[in-house]
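To be precise, the following lines are entry.cif, and they hold mmCIF, N, CA and C atoms.
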```cif
data_start
loop_
_atom_site.label_atom_id
_atom_site.label_comp_id
_atom_site.auth_asym_id
_atom_site.auth_seq_id
_atom_site.Cartn_x
_atom_site.Cartn_y
_atom_site.Cartn_z
N LYS K 30 23.74 6.28 -8.58
CA LYS K 30 22.93 5.58 -9.58
C LYS K 30 23.83 4.61 -10.33
N LEU K 31 23.35 3.39 -10.50
CA LEU K 31 24.11 2.36 -11.19
C LEU K 31 23.32 1.91 -12.40
N SER K 32 23.93 1.93 -13.58
CA SER K 32 23.23 1.51 -14.79
C SER K 32 23.87 0.24 -15.34
N LEU K 33 23.01 -0.69 -15.73
CA LEU K 33 23.49 -1.96 -16.28
C LEU K 33 22.80 -2.23 -17.60
N GLY K 34 23.42 -3.07 -18.41
CA GLY K 34 22.78 -3.55 -19.63
C GLY K 34 21.80 -4.64 -19.27
N LYS K 35 21.67 -5.64 -20.13
CA LYS K 35 20.70 -6.73 -19.90
C LYS K 35 20.86 -7.33 -18.52
N ILE K 36 19.73 -7.55 -17.85
CA ILE K 36 19.79 -8.20 -16.54
C ILE K 36 18.78 -9.35 -16.49
N ARG K 37 19.06 -10.28 -15.59
CA ARG K 37 18.14 -11.39 -15.30
C ARG K 37 18.06 -11.51 -13.79
N GLN K 38 16.85 -11.75 -13.31
CA GLN K 38 16.67 -11.94 -11.87
C GLN K 38 15.57 -12.96 -11.66
N THR K 39 15.73 -13.79 -10.62
CA THR K 39 14.71 -14.78 -10.29
C THR K 39 14.33 -14.62 -8.83
N ALA K 40 13.02 -14.71 -8.56
CA ALA K 40 12.53 -14.65 -7.17
C ALA K 40 12.05 -16.04 -6.77
N THR K 41 12.53 -16.51 -5.63
CA THR K 41 12.10 -17.81 -5.12
C THR K 41 11.54 -17.64 -3.72
N ARG K 42 10.66 -18.57 -3.35
CA ARG K 42 10.10 -18.60 -2.00
C ARG K 42 10.03 -20.06 -1.59
N ASP K 43 10.58 -20.39 -0.44
CA ASP K 43 10.62 -21.77 0.06
C ASP K 43 11.17 -22.71 -1.02
N GLY K 44 12.19 -22.25 -1.72
CA GLY K 44 12.84 -23.10 -2.72
C GLY K 44 12.09 -23.22 -4.03
N LYS K 45 10.93 -22.57 -4.14
CA LYS K 45 10.15 -22.63 -5.39
C LYS K 45 10.32 -21.34 -6.16
N LYS K 46 10.57 -21.48 -7.47
CA LYS K 46 10.67 -20.30 -8.32
C LYS K 46 9.31 -19.66 -8.45
N GLU K 47 9.21 -18.35 -8.17
CA GLU K 47 7.93 -17.65 -8.30
C GLU K 47 7.88 -16.82 -9.58
N TRP K 48 8.99 -16.18 -9.93
CA TRP K 48 9.07 -15.47 -11.20
C TRP K 48 10.51 -15.31 -11.63
N SER K 49 10.69 -15.14 -12.94
CA SER K 49 12.00 -14.77 -13.45
C SER K 49 11.81 -13.59 -14.36
N LEU K 50 12.78 -12.69 -14.35
CA LEU K 50 12.67 -11.41 -15.03
C LEU K 50 13.88 -11.23 -15.93
N GLU K 51 13.63 -10.69 -17.11
CA GLU K 51 14.70 -10.25 -18.00
C GLU K 51 14.38 -8.82 -18.41
N ALA K 52 15.41 -7.98 -18.49
CA ALA K 52 15.22 -6.61 -18.95
C ALA K 52 16.42 -6.21 -19.80
N ASN K 53 16.17 -5.31 -20.76
CA ASN K 53 17.25 -4.86 -21.62
C ASN K 53 18.19 -3.90 -20.91
N SER K 54 17.67 -3.17 -19.92
CA SER K 54 18.54 -2.30 -19.13
C SER K 54 17.94 -2.08 -17.75
N ALA K 55 18.80 -1.74 -16.81
CA ALA K 55 18.36 -1.48 -15.43
C ALA K 55 19.16 -0.30 -14.88
N HIS K 56 18.47 0.61 -14.21
CA HIS K 56 19.11 1.73 -13.53
C HIS K 56 18.73 1.61 -12.06
N TYR K 57 19.71 1.33 -11.22
CA TYR K 57 19.45 1.19 -9.79
C TYR K 57 19.54 2.54 -9.11
N ILE K 58 18.50 2.87 -8.31
CA ILE K 58 18.49 4.09 -7.52
C ILE K 58 18.64 3.63 -6.07
N GLU K 59 19.87 3.63 -5.59
CA GLU K 59 20.18 2.94 -4.33
C GLU K 59 19.45 3.52 -3.14
N ASN K 60 19.41 4.84 -3.00
CA ASN K 60 18.79 5.42 -1.80
C ASN K 60 17.28 5.22 -1.77
N GLU K 61 16.68 4.79 -2.89
CA GLU K 61 15.23 4.52 -2.92
C GLU K 61 14.93 3.02 -3.02
N ASN K 62 15.98 2.20 -3.05
CA ASN K 62 15.82 0.74 -3.20
C ASN K 62 14.94 0.39 -4.40
N LYS K 63 15.23 1.04 -5.54
CA LYS K 63 14.44 0.83 -6.74
C LYS K 63 15.35 0.56 -7.92
N ALA K 64 14.81 -0.21 -8.86
CA ALA K 64 15.48 -0.41 -10.14
C ALA K 64 14.48 -0.07 -11.23
N VAL K 65 14.88 0.83 -12.13
CA VAL K 65 14.04 1.18 -13.28
C VAL K 65 14.47 0.27 -14.43
N LEU K 66 13.55 -0.56 -14.89
CA LEU K 66 13.84 -1.57 -15.90
C LEU K 66 13.19 -1.18 -17.22
N LYS K 67 13.90 -1.38 -18.31
CA LYS K 67 13.35 -1.06 -19.64
C LYS K 67 13.21 -2.35 -20.43
N GLU K 68 12.12 -2.40 -21.23
CA GLU K 68 11.84 -3.55 -22.10
C GLU K 68 11.99 -4.85 -21.32
N LEU K 69 11.00 -5.09 -20.45
CA LEU K 69 11.13 -6.24 -19.60
C LEU K 69 10.15 -7.35 -19.93
N PHE K 70 10.56 -8.54 -19.58
CA PHE K 70 9.79 -9.76 -19.83
C PHE K 70 9.86 -10.60 -18.55
N ILE K 71 8.70 -10.96 -18.04
CA ILE K 71 8.64 -11.75 -16.80
C ILE K 71 7.87 -13.04 -17.05
N THR K 72 8.34 -14.11 -16.47
CA THR K 72 7.61 -15.37 -16.43
C THR K 72 7.20 -15.62 -14.99
N TYR K 73 5.89 -15.76 -14.75
CA TYR K 73 5.38 -16.14 -13.43
C TYR K 73 5.11 -17.64 -13.46
N PHE K 74 5.54 -18.34 -12.42
CA PHE K 74 5.38 -19.79 -12.35
C PHE K 74 4.19 -20.14 -11.46
N LEU K 75 3.23 -20.89 -12.03
CA LEU K 75 2.04 -21.32 -11.30
C LEU K 75 2.18 -22.78 -10.93
N GLU K 76 1.15 -23.33 -10.31
CA GLU K 76 1.14 -24.76 -10.01
C GLU K 76 1.11 -25.56 -11.30
N ASP K 77 1.43 -26.83 -11.23
CA ASP K 77 1.34 -27.75 -12.38
C ASP K 77 2.20 -27.30 -13.56
N GLU K 78 3.35 -26.67 -13.27
CA GLU K 78 4.29 -26.29 -14.33
C GLU K 78 3.74 -25.25 -15.30
N ARG K 79 2.57 -24.67 -15.01
CA ARG K 79 2.01 -23.66 -15.91
C ARG K 79 2.66 -22.32 -15.68
N LYS K 80 2.59 -21.45 -16.71
CA LYS K 80 3.27 -20.17 -16.64
C LYS K 80 2.38 -19.05 -17.15
N VAL K 81 2.63 -17.85 -16.64
CA VAL K 81 2.00 -16.62 -17.14
C VAL K 81 3.14 -15.69 -17.53
N TYR K 82 3.01 -15.06 -18.70
CA TYR K 82 4.08 -14.20 -19.23
C TYR K 82 3.64 -12.75 -19.22
N LEU K 83 4.55 -11.85 -18.90
CA LEU K 83 4.24 -10.43 -18.88
C LEU K 83 5.34 -9.67 -19.61
N ASN K 84 4.94 -8.77 -20.52
CA ASN K 84 5.86 -7.87 -21.21
C ASN K 84 5.45 -6.44 -20.90
N ALA K 85 6.41 -5.54 -20.80
CA ALA K 85 6.11 -4.12 -20.64
C ALA K 85 7.31 -3.30 -21.11
N ASP K 86 7.03 -2.06 -21.50
CA ASP K 86 8.11 -1.15 -21.91
C ASP K 86 8.99 -0.79 -20.72
N GLN K 87 8.35 -0.62 -19.55
CA GLN K 87 9.10 -0.20 -18.37
C GLN K 87 8.55 -0.84 -17.12
N GLY K 88 9.43 -1.06 -16.15
CA GLY K 88 9.02 -1.55 -14.84
C GLY K 88 9.86 -0.90 -13.78
N ILE K 89 9.24 -0.64 -12.64
CA ILE K 89 10.00 -0.14 -11.49
C ILE K 89 9.93 -1.21 -10.41
N LEU K 90 11.08 -1.84 -10.15
CA LEU K 90 11.16 -2.92 -9.19
C LEU K 90 11.61 -2.36 -7.85
N ASN K 91 10.82 -2.64 -6.79
CA ASN K 91 11.24 -2.31 -5.44
C ASN K 91 12.13 -3.45 -4.97
N THR K 92 13.42 -3.18 -4.78
CA THR K 92 14.37 -4.25 -4.49
C THR K 92 14.21 -4.82 -3.09
N ASP K 93 13.50 -4.11 -2.19
CA ASP K 93 13.22 -4.64 -0.85
C ASP K 93 12.07 -5.63 -0.86
N THR K 94 11.00 -5.30 -1.59
CA THR K 94 9.77 -6.10 -1.52
C THR K 94 9.54 -7.00 -2.73
N ASN K 95 10.29 -6.76 -3.84
CA ASN K 95 10.05 -7.44 -5.13
C ASN K 95 8.72 -7.04 -5.75
N ASP K 96 8.09 -5.96 -5.25
CA ASP K 96 6.90 -5.42 -5.92
C ASP K 96 7.36 -4.71 -7.20
N ILE K 97 6.51 -4.73 -8.23
CA ILE K 97 6.87 -4.10 -9.50
C ILE K 97 5.70 -3.29 -10.03
N GLU K 98 6.00 -2.09 -10.54
CA GLU K 98 5.02 -1.27 -11.26
C GLU K 98 5.39 -1.32 -12.73
N PHE K 99 4.47 -1.77 -13.57
CA PHE K 99 4.71 -1.85 -15.01
C PHE K 99 4.00 -0.71 -15.72
N SER K 100 4.58 -0.23 -16.83
CA SER K 100 3.90 0.77 -17.64
C SER K 100 4.34 0.65 -19.09
N GLY K 101 3.44 1.08 -19.99
CA GLY K 101 3.75 1.09 -21.42
C GLY K 101 3.55 -0.25 -22.09
N ASN K 102 2.48 -0.37 -22.89
CA ASN K 102 2.23 -1.59 -23.66
C ASN K 102 2.33 -2.86 -22.82
N VAL K 103 1.61 -2.86 -21.70
CA VAL K 103 1.67 -4.02 -20.81
C VAL K 103 0.80 -5.14 -21.38
N VAL K 104 1.39 -6.32 -21.55
CA VAL K 104 0.67 -7.49 -22.05
C VAL K 104 0.93 -8.65 -21.09
N VAL K 105 -0.15 -9.29 -20.64
CA VAL K 105 -0.04 -10.49 -19.80
C VAL K 105 -0.72 -11.60 -20.57
N LYS K 106 -0.06 -12.76 -20.69
CA LYS K 106 -0.70 -13.84 -21.44
C LYS K 106 -0.36 -15.20 -20.86
N ASN K 107 -1.31 -16.12 -21.07
CA ASN K 107 -1.05 -17.53 -20.81
C ASN K 107 -1.39 -18.27 -22.09
N GLU K 108 -1.56 -19.58 -22.01
CA GLU K 108 -1.80 -20.33 -23.26
C GLU K 108 -3.15 -20.00 -23.89
N ASP K 109 -4.09 -19.45 -23.13
CA ASP K 109 -5.45 -19.21 -23.64
C ASP K 109 -5.81 -17.74 -23.82
N TYR K 110 -5.29 -16.86 -22.98
CA TYR K 110 -5.77 -15.49 -22.95
C TYR K 110 -4.63 -14.48 -23.02
N ARG K 111 -4.99 -13.28 -23.51
CA ARG K 111 -4.04 -12.16 -23.58
C ARG K 111 -4.72 -10.94 -22.98
N LEU K 112 -4.04 -10.30 -22.04
CA LEU K 112 -4.56 -9.10 -21.38
C LEU K 112 -3.69 -7.92 -21.78
N ARG K 113 -4.34 -6.80 -22.13
CA ARG K 113 -3.59 -5.58 -22.47
C ARG K 113 -4.06 -4.44 -21.58
N THR K 114 -3.10 -3.61 -21.15
CA THR K 114 -3.41 -2.42 -20.36
C THR K 114 -2.22 -1.47 -20.44
N ASP K 115 -2.37 -0.26 -19.89
CA ASP K 115 -1.28 0.72 -19.92
C ASP K 115 -0.38 0.64 -18.69
N ARG K 116 -1.00 0.31 -17.54
CA ARG K 116 -0.24 0.24 -16.29
C ARG K 116 -0.73 -0.96 -15.49
N LEU K 117 0.19 -1.55 -14.75
CA LEU K 117 -0.14 -2.74 -13.97
C LEU K 117 0.81 -2.80 -12.78
N ASN K 118 0.33 -3.33 -11.67
CA ASN K 118 1.18 -3.50 -10.49
C ASN K 118 1.22 -4.96 -10.09
N TYR K 119 2.37 -5.38 -9.58
CA TYR K 119 2.51 -6.73 -9.02
C TYR K 119 2.94 -6.58 -7.56
N ARG K 120 2.14 -7.16 -6.66
CA ARG K 120 2.48 -7.15 -5.24
C ARG K 120 2.97 -8.56 -4.89
N HIS K 121 4.27 -8.65 -4.61
CA HIS K 121 4.93 -9.96 -4.48
C HIS K 121 4.43 -10.76 -3.28
N GLN K 122 4.26 -10.11 -2.13
CA GLN K 122 3.88 -10.85 -0.93
C GLN K 122 2.57 -11.61 -1.13
N GLN K 123 1.59 -10.95 -1.76
CA GLN K 123 0.28 -11.58 -2.00
C GLN K 123 0.22 -12.29 -3.36
N ARG K 124 1.25 -12.14 -4.20
CA ARG K 124 1.25 -12.65 -5.58
C ARG K 124 0.01 -12.14 -6.31
N LEU K 125 -0.19 -10.82 -6.26
CA LEU K 125 -1.37 -10.19 -6.81
C LEU K 125 -0.97 -9.23 -7.92
N ILE K 126 -1.62 -9.38 -9.08
CA ILE K 126 -1.45 -8.45 -10.20
C ILE K 126 -2.71 -7.59 -10.23
N PHE K 127 -2.57 -6.25 -10.32
CA PHE K 127 -3.77 -5.41 -10.30
C PHE K 127 -3.53 -4.12 -11.06
N THR K 128 -4.64 -3.52 -11.53
CA THR K 128 -4.59 -2.23 -12.19
C THR K 128 -5.92 -1.52 -12.03
N ASP K 129 -5.87 -0.19 -12.02
CA ASP K 129 -7.08 0.62 -12.07
C ASP K 129 -7.16 1.33 -13.41
N ASP K 130 -6.40 0.84 -14.39
CA ASP K 130 -6.47 1.33 -15.77
C ASP K 130 -7.33 0.36 -16.58
N PRO K 131 -7.97 0.84 -17.63
CA PRO K 131 -8.80 -0.05 -18.45
C PRO K 131 -8.00 -1.25 -18.96
N VAL K 132 -8.66 -2.41 -18.97
CA VAL K 132 -8.04 -3.64 -19.45
C VAL K 132 -8.89 -4.25 -20.56
N GLN K 133 -8.22 -4.98 -21.43
CA GLN K 133 -8.89 -5.74 -22.49
C GLN K 133 -8.30 -7.15 -22.45
N ILE K 134 -9.18 -8.14 -22.38
CA ILE K 134 -8.74 -9.54 -22.37
C ILE K 134 -9.34 -10.22 -23.59
N THR K 135 -8.51 -10.90 -24.37
CA THR K 135 -8.99 -11.63 -25.53
C THR K 135 -8.49 -13.06 -25.47
N GLY K 136 -9.25 -13.94 -26.10
CA GLY K 136 -8.85 -15.34 -26.17
C GLY K 136 -10.05 -16.23 -26.35
N ASN K 137 -9.82 -17.40 -26.95
CA ASN K 137 -10.90 -18.36 -27.19
C ASN K 137 -12.08 -17.71 -27.89
N GLY K 138 -11.79 -16.77 -28.80
CA GLY K 138 -12.86 -16.13 -29.56
C GLY K 138 -13.70 -15.15 -28.76
N SER K 139 -13.26 -14.82 -27.56
CA SER K 139 -14.02 -13.93 -26.68
C SER K 139 -13.21 -12.68 -26.36
N GLU K 140 -13.94 -11.64 -25.93
CA GLU K 140 -13.28 -10.40 -25.53
C GLU K 140 -13.97 -9.83 -24.30
N LEU K 141 -13.18 -9.42 -23.31
CA LEU K 141 -13.69 -8.80 -22.10
C LEU K 141 -13.01 -7.46 -21.92
N LYS K 142 -13.77 -6.46 -21.46
CA LYS K 142 -13.20 -5.15 -21.15
C LYS K 142 -13.68 -4.74 -19.77
N ALA K 143 -12.83 -4.00 -19.04
CA ALA K 143 -13.21 -3.52 -17.72
C ALA K 143 -12.34 -2.33 -17.34
N ASN K 144 -12.78 -1.59 -16.32
CA ASN K 144 -12.03 -0.43 -15.85
C ASN K 144 -10.90 -0.79 -14.90
N SER K 145 -10.99 -1.96 -14.27
CA SER K 145 -9.92 -2.37 -13.36
C SER K 145 -9.91 -3.89 -13.24
N LEU K 146 -8.80 -4.40 -12.70
CA LEU K 146 -8.61 -5.84 -12.63
C LEU K 146 -7.79 -6.20 -11.41
N ARG K 147 -8.11 -7.33 -10.80
CA ARG K 147 -7.31 -7.96 -9.75
C ARG K 147 -7.11 -9.41 -10.18
N TYR K 148 -5.85 -9.87 -10.22
CA TYR K 148 -5.55 -11.25 -10.63
C TYR K 148 -4.69 -11.86 -9.54
N ASP K 149 -5.27 -12.80 -8.80
CA ASP K 149 -4.59 -13.51 -7.72
C ASP K 149 -3.90 -14.73 -8.33
N LEU K 150 -2.57 -14.70 -8.38
CA LEU K 150 -1.82 -15.80 -9.00
C LEU K 150 -1.90 -17.08 -8.19
N ASN K 151 -2.01 -16.98 -6.85
CA ASN K 151 -2.11 -18.18 -6.03
C ASN K 151 -3.45 -18.89 -6.23
N ALA K 152 -4.54 -18.11 -6.17
CA ALA K 152 -5.88 -18.69 -6.34
C ALA K 152 -6.23 -18.85 -7.82
N GLU K 153 -5.42 -18.24 -8.70
CA GLU K 153 -5.69 -18.20 -10.14
C GLU K 153 -7.11 -17.69 -10.41
N LYS K 154 -7.40 -16.56 -9.77
CA LYS K 154 -8.73 -15.97 -9.88
C LYS K 154 -8.61 -14.53 -10.36
N VAL K 155 -9.41 -14.18 -11.36
CA VAL K 155 -9.42 -12.82 -11.90
C VAL K 155 -10.74 -12.16 -11.53
N VAL K 156 -10.67 -10.92 -11.02
CA VAL K 156 -11.87 -10.13 -10.74
C VAL K 156 -11.79 -8.86 -11.58
N LEU K 157 -12.81 -8.64 -12.42
CA LEU K 157 -12.92 -7.44 -13.24
C LEU K 157 -13.97 -6.53 -12.63
N SER K 158 -13.72 -5.20 -12.65
CA SER K 158 -14.67 -4.25 -12.08
C SER K 158 -14.84 -3.05 -12.99
N GLY K 159 -16.02 -2.44 -12.92
CA GLY K 159 -16.25 -1.16 -13.60
C GLY K 159 -16.49 -1.29 -15.09
N ASN K 160 -17.72 -1.02 -15.53
CA ASN K 160 -18.07 -1.06 -16.96
C ASN K 160 -17.59 -2.34 -17.64
N VAL K 161 -17.84 -3.46 -16.98
CA VAL K 161 -17.40 -4.74 -17.56
C VAL K 161 -18.28 -5.06 -18.76
N ALA K 162 -17.63 -5.31 -19.88
CA ALA K 162 -18.35 -5.68 -21.11
C ALA K 162 -17.71 -6.95 -21.65
N ALA K 163 -18.55 -7.88 -22.09
CA ALA K 163 -18.03 -9.15 -22.60
C ALA K 163 -18.69 -9.50 -23.92
N ALA K 164 -17.86 -9.94 -24.85
CA ALA K 164 -18.36 -10.54 -26.09
C ALA K 164 -17.82 -11.96 -26.08
N LEU K 165 -18.71 -12.93 -25.83
CA LEU K 165 -18.28 -14.30 -25.61
C LEU K 165 -18.55 -15.16 -26.84
N ALA K 166 -17.61 -16.03 -27.13
CA ALA K 166 -17.82 -17.00 -28.20
C ALA K 166 -18.96 -17.92 -27.81
N ARG K 167 -19.64 -18.49 -28.80
CA ARG K 167 -20.82 -19.31 -28.53
C ARG K 167 -20.47 -20.50 -27.64
N ASP K 168 -19.26 -21.04 -27.81
CA ASP K 168 -18.89 -22.22 -27.03
C ASP K 168 -18.10 -21.85 -25.77
N PHE K 169 -18.14 -20.58 -25.36
CA PHE K 169 -17.34 -20.12 -24.22
C PHE K 169 -17.59 -20.94 -22.96
N LEU K 170 -18.88 -21.17 -22.64
CA LEU K 170 -19.19 -21.90 -21.40
C LEU K 170 -18.69 -23.34 -21.48
N THR K 171 -18.76 -23.93 -22.64
CA THR K 171 -18.25 -25.30 -22.79
C THR K 171 -16.74 -25.32 -22.65
N VAL K 172 -16.08 -24.34 -23.28
CA VAL K 172 -14.62 -24.25 -23.20
C VAL K 172 -14.18 -24.13 -21.74
N GLN K 173 -14.92 -23.36 -20.96
CA GLN K 173 -14.55 -23.14 -19.56
C GLN K 173 -14.98 -24.29 -18.65
N GLY K 174 -15.62 -25.29 -19.20
CA GLY K 174 -16.06 -26.40 -18.38
C GLY K 174 -17.22 -26.07 -17.49
N LEU K 175 -17.91 -24.97 -17.79
CA LEU K 175 -19.02 -24.54 -16.93
C LEU K 175 -20.34 -25.17 -17.37
N ASN K 176 -20.36 -25.67 -18.56
CA ASN K 176 -21.61 -26.16 -19.15
C ASN K 176 -21.47 -27.65 -19.41
N LYS K 177 -21.17 -28.39 -18.34
CA LYS K 177 -20.90 -29.82 -18.52
C LYS K 177 -22.19 -30.54 -18.88
N PRO K 178 -22.15 -31.38 -19.92
CA PRO K 178 -23.36 -32.12 -20.32
C PRO K 178 -23.78 -33.12 -19.25
#
```
Taking this structure as input, can you express it in the form of C-alpha cells?
Amino acid sequence: KLSLGKIRQTATRDGKKEWSLEANSAHYIENENKAVLKELFITYFLEDERKVYLNADQGILNTDTNDIEFSGNVVVKNEDYRLRTDRLNYRHQQRLIFTDDPVQITGNGSELKANSLRYDLNAEKVVLSGNVAAALARDFLTVQGLNKP
C-alpha cells in the first residue's frame, strides 16, 4: 500500500483533456489497481470549453480503467445547475455519470428529485428515473429554450 498527500491527475483521450482530478490524499492498493482518494475535486471538460465540476468526500479510482466510485456529500455542478447525492459512479469509457441513489438537482429557481440518474457527458443528456418530482420556475421552459416565441 502506498500513501500520498495531495495528488493531481489528468485523463486525456486523443490529445483532448477529458478530466482533471485533485485529492487531498491517495492510498494506492497495488494488487487491486485502485486508489482510494479523500476530499476530491474533479473538473470534466465538455465541448465548447464548458466544464462540469464534481466534489466528494471520497473516491475510489480504478487505475486500469479510470472509472471512479464517489461517496459522501457528492455534488456535481455546472454554471446553471447543482446535483446532490450520496453515491455516484463515473464510467470513463462511455463518459457516463450514474447513480441508483436519490438525487436532487437545483438551479434556475427549479428543483428536481429522482431515485436514480444517468448523465451522458458526450451527449450532454440527463435521464432521471423513479419517483421523479419537479418544481419548476415559471420561466423554466423559456430559460431552456423550449418555449420559443
_Output of the PyMOL selection byres ((chain K and resi 140) around 8), listed as a ChimeraX atom specification_ = /K:133-139,141-143,162-166
*asked:* Need to verify the contact set: stretch 118-131 of chain K, 6 Å, all atoms listed in the file, exclusion of same-chain residues closer than 2 positions in sequence. Can you return it as a list in words?
replied: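 Once the adjacent positions are removed, what remains is Thr94, Asn95, Asp96, Ile97, Glu98, Phe99, Arg113, Thr114, Asp115, Arg116, Gln133, Ala143, Asn144, Ser145, Leu146, Arg147, Tyr148, Asp149, Leu150 and Asn151 of chain K.
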*If you measure from atom N of K:Ile71 to atom CA of K:Asn160, what distance in Å do you get, rounded to one decimal?*
28.6 Å
Return the padded bounding box of stretch 69-75 of chain K as JSON: axis-aligned, built from all atoms listed in the file, 4 Å added on each side, with centre and edge lengths in Å to one decimal.
```
{"center_x": 6.6, "center_y": -13.9, "center_z": -15.7, "size_x": 17.1, "size_y": 25.7, "size_z": 17.5}
```
*Can you pull out every residue within 12 Å of K:Lys45, counting only C-alpha atoms, but drop anything in the same chain fewer than 6 positions away, and send it as a list in words?*
Thr39, Tyr73, Phe74, Leu75, Glu76 and Glu78 of chain K
_Based on the backbone DSSP call, show me all residues of chain K assigned strand (DSSP E or B), as a ChimeraX atom specification._
/K:31-33,36-42,45-58,63-74,80-91,97-106,111-120,125-128,132-136,139-143,145-149,154-158,162-164
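Against this structure, the PyMOL selection byres ((chain K and resi 48-57) around 6) ends up with Lys30, Leu31, Ser32, Leu33, Gly34, Lys35, Ile36, Arg37, Gln38, Thr39, Ala40, Thr41, Lys46, Glu47, Ile58, Glu59, Lys63, Ala64, Val65, Leu66, Lys67, Glu68, Leu69, Phe70, Ile71, Thr72, Tyr73 and Phe74 of chain K.
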*Using atom CA of K:Leu157 and atom CA of K:Val81 as the two end points, give the distance in Å to one decimal.*
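Going from atom CA of K:Leu157 over to atom CA of K:Val81 covers 17.9 Å.
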*Determine the residue membership of the PyMOL selection byres ((chain K and resi 103) around 8) for the file above and supply it as a ChimeraX atom specification.*
/K:83-87,99-102,104-106,112-117
*asked:* Report, in Å with one decimal, the straight-line distance from atom CA of K:Val156 to atom N of K:Asp77.
replied: 21.4 Å
*Out of chain K, which residues get helix (DSSP H, G or I) from DSSP, as JSON, numbers by chain?*
{"K": [59, 60, 61, 76, 77, 78, 169, 170, 171, 172]}
